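*Asks:* Dropping the structure in here first, questions after.
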Amino acid sequence: MGEREGVTTTLSPGRLDLPEIGEEADLLRPWQVVVWNDPVNLMSYVVWVFRSLFGYPLPEATRLMLQVHHEGRAVVTSGPLEKAELDCYRLHHHGLWATLERA
Amino acid sequence: MPGFRCRGPEIDLDLSVAEVELLALALPLLEAAPPGDPGDPPPRYPCFRAHPGDDEAEARFRDLTAGSLQADRGADRRRYAASLERGTLGAEDAAAWLRVLAEARLSLAERLGVATVGCEDASPSPGLALLALFGSVADELAATLLH
């Protein structure tokens, strides 16, 4: 509210839509990048991709590769949607089947 | 069998004329690959869906990435061809080799209907032999880079 000489301004109430607690929590959930097993890509290649793209030490890259191999999938990175989509794109560029899902 | 010899930051290729010719087959194979169908699983190379079950998000993802993916793959193939002719690989060349060979194997496996790992060793067909060769070279190069 403010006043100038001869002029009075008032604020009129407006509608402010706040997200529901559940919606806000959902928007904050990070995205996970999932790599899926396939019958063609080599295990050594997959390990190299994980090290090359994400900087994982060799034991961790190997662990993730084996998880993909034995369990069919593994979460390899997570984060905001933009980062996750970039990581997914890079995996596609390397010929790996990768998808995105909410954590 | 092709060999890779590390020489500082470079990798020298120890290839016969026949091996160079066979490895060069990866490029026309990829140029002739069909565009693929971005359907839901099982994915069909070369189209992997990032957002399965969400067509709107997938369309947005493809709008953002399709041009870049095509450009990146083209750059890899040019690097592959140039370094194959030159006989040495730098770090970026080696990475391109691995991506090209992976892509070539996926394309070839798609055409041959390869459904299980290792079946390329079971048949003497030329296509499966080529798939096995690409695999052996990629495996050896990946091992060289990892150690």
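If you're wondering about the labels, chains in the structure tokens are A, B, ... by order shown, residues count from 1 in each chain, ligands from 1 in order shown.
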With a cut-off of 8 Å, could you pull out the residues of chain B touching chain A and give me the nearest pair of atoms for each, distance in Å to one decimal, using only C-alpha atoms, ordered by chain and ascending number, as CSV?

*Replies:*
```
residue,atom,partner,partner_atom,distance
B:Pro43,CA,A:Trp97,CA,7.5
B:Pro46,CA,A:Gly95,CA,7.7
B:Phe48,CA,A:Trp97,CA,6.0
B:Arg49,CA,A:Thr99,CA,6.5
B:Ala50,CA,A:Thr99,CA,4.3
B:His51,CA,A:Leu100,CA,5.7
B:Pro52,CA,A:Thr99,CA,7.1
B:Phe61,CA,A:Glu85,CA,7.6
B:Thr65,CA,A:Tyr89,CA,7.1
B:Leu69,CA,A:His93,CA,6.3
B:Asp72,CA,A:His93,CA,7.5
B:Arg73,CA,A:His93,CA,7.2
B:Leu98,CA,A:Tyr45,CA,7.5
B:Arg99,CA,A:His94,CA,5.4
B:Ala102,CA,A:Gly95,CA,6.3
B:Glu103,CA,A:Gly95,CA,5.9
B:Arg105,CA,A:Val40,CA,7.0
B:Leu106,CA,A:Val40,CA,6.4
B:Ala109,CA,A:Val40,CA,7.2
B:Val114,CA,A:Pro39,CA,7.7
B:Ala115,CA,A:Pro39,CA,6.2
B:Thr116,CA,A:Pro39,CA,5.2
B:Val117,CA,A:Pro39,CA,4.9
B:Gly135,CA,A:Leu42,CA,7.3
B:Ala138,CA,A:Tyr45,CA,7.2
B:Asp139,CA,A:Ser44,CA,6.1
B:Ala142,CA,A:Tyr45,CA,5.7
B:Ala143,CA,A:Ser44,CA,6.6
B:Leu145,CA,A:Trp48,CA,7.7
B:Leu146,CA,A:Trp48,CA,6.5
```

*Asks:* Can you list, as number ranges by chain, every residue of range 54-92 of chain A that DSSP puts in alpha helix (DSSP H)?

*Replies:* A: 54, 58-71, 81-92

*Asks:* Can you work out the spacing between CA of Ala24 in chain B and CA of Pro9 in chain B in Å, to one decimal?

*Replies:* 23.7 Å

*Asks:* Using CA of Asp93 in chain B and CA of Phe4 in chain B as the two end points, give the distance in Å to one decimal.

*Replies:*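 CA of Asp93 in chain B sits 12.8 Å away from CA of Phe4 in chain B.
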
*Asks:* Identify, with DSSP run on backbone atoms, the residues in chain B assigned to strand (DSSP E or B), and express the list as a ChimeraX atom specification.

*Replies:* /B:3-7,10-14,44,47,88-89

*Asks:* For N, CA and C atoms, I'd like the residues from the last selection saved as a tab-separated table (two decimals), in the first residue's frame.

*Replies:*
```
chain	number	residue	atom	x	y	z
B	3	GLY	N	46.32	-55.68	-33.30
B	3	GLY	CA	46.93	-55.37	-32.03
B	3	GLY	C	47.02	-53.88	-31.84
B	4	PHE	N	47.11	-53.49	-30.58
B	4	PHE	CA	47.27	-52.10	-30.23
B	4	PHE	C	48.50	-51.97	-29.35
B	5	ARG	N	49.42	-51.08	-29.75
B	5	ARG	CA	50.65	-50.88	-28.98
B	5	ARG	C	50.67	-49.45	-28.51
B	6	CYS	N	50.73	-49.28	-27.18
B	6	CYS	CA	50.78	-47.94	-26.62
B	6	CYS	C	52.16	-47.34	-26.85
B	7	ARG	N	52.15	-46.09	-27.29
B	7	ARG	CA	53.40	-45.35	-27.49
B	7	ARG	C	53.15	-43.96	-26.93
B	10	GLU	N	49.82	-42.00	-27.62
B	10	GLU	CA	49.27	-42.54	-28.86
B	10	GLU	C	49.19	-44.07	-28.78
B	11	ILE	N	48.36	-44.62	-29.64
B	11	ILE	CA	48.25	-46.07	-29.78
B	11	ILE	C	48.54	-46.42	-31.23
B	12	ASP	N	49.53	-47.25	-31.45
B	12	ASP	CA	49.85	-47.68	-32.81
B	12	ASP	C	49.02	-48.91	-33.16
B	13	LEU	N	48.54	-48.94	-34.39
B	13	LEU	CA	47.76	-50.08	-34.86
B	13	LEU	C	48.69	-51.06	-35.58
B	14	ASP	N	48.58	-52.30	-35.20
B	14	ASP	CA	49.36	-53.35	-35.84
B	14	ASP	C	48.39	-54.18	-36.66
B	44	ARG	N	15.03	-50.60	-30.51
B	44	ARG	CA	15.64	-50.96	-31.76
B	44	ARG	C	16.72	-49.94	-32.07
B	47	CYS	N	17.56	-46.19	-32.33
B	47	CYS	CA	16.68	-45.29	-31.59
B	47	CYS	C	16.40	-45.84	-30.20
B	88	THR	N	47.48	-44.78	-36.48
B	88	THR	CA	47.70	-44.45	-35.06
B	88	THR	C	46.42	-43.85	-34.50
B	89	LEU	N	46.26	-44.00	-33.18
B	89	LEU	CA	45.10	-43.45	-32.50
B	89	LEU	C	45.54	-42.52	-31.38
```

*Asks:* Which polymer residues have any atom within 6 Å of an atom of range 70-75 of chain A, counting only C-alpha atoms, with same-chain residues fewer than 3 positions away left out, as a list in words?

*Replies:*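 What passes the distance filter is Val33, Val34, Val35, Trp36, Asn37, Leu66 and Gln67 of chain A.
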
*Asks:* Store the residues picked out above in a file with N, CA, C and O atoms, as a short mmCIF file (atom, residue, chain, number, x, y, z; two decimals), in the first residue's frame.

*Replies:*
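Listed below is the output, out_3.cif:
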```cif
data_model
loop_
_atom_site.label_atom_id
_atom_site.label_comp_id
_atom_site.auth_asym_id
_atom_site.auth_seq_id
_atom_site.Cartn_x
_atom_site.Cartn_y
_atom_site.Cartn_z
N VAL A 33 19.29 -42.11 -14.11
CA VAL A 33 19.61 -42.64 -15.44
C VAL A 33 19.86 -44.14 -15.27
O VAL A 33 20.74 -44.55 -14.51
N VAL A 34 19.08 -44.93 -15.97
CA VAL A 34 19.15 -46.39 -15.86
C VAL A 34 19.74 -46.96 -17.14
O VAL A 34 19.30 -46.62 -18.24
N VAL A 35 20.74 -47.80 -16.99
CA VAL A 35 21.29 -48.53 -18.13
C VAL A 35 20.75 -49.96 -18.08
O VAL A 35 20.75 -50.59 -17.01
N TRP A 36 20.29 -50.43 -19.23
CA TRP A 36 19.68 -51.75 -19.33
C TRP A 36 20.62 -52.72 -20.04
O TRP A 36 21.42 -52.33 -20.90
N ASN A 37 20.48 -53.98 -19.70
CA ASN A 37 21.30 -55.01 -20.33
C ASN A 37 20.88 -55.19 -21.78
O ASN A 37 19.70 -55.00 -22.14
N LEU A 66 28.45 -55.21 -13.91
CA LEU A 66 27.99 -56.53 -13.49
C LEU A 66 26.54 -56.50 -13.00
O LEU A 66 25.79 -57.45 -13.18
N GLN A 67 26.17 -55.37 -12.40
CA GLN A 67 24.77 -55.23 -11.97
C GLN A 67 23.85 -55.20 -13.20
O GLN A 67 22.81 -55.86 -13.22
#
```
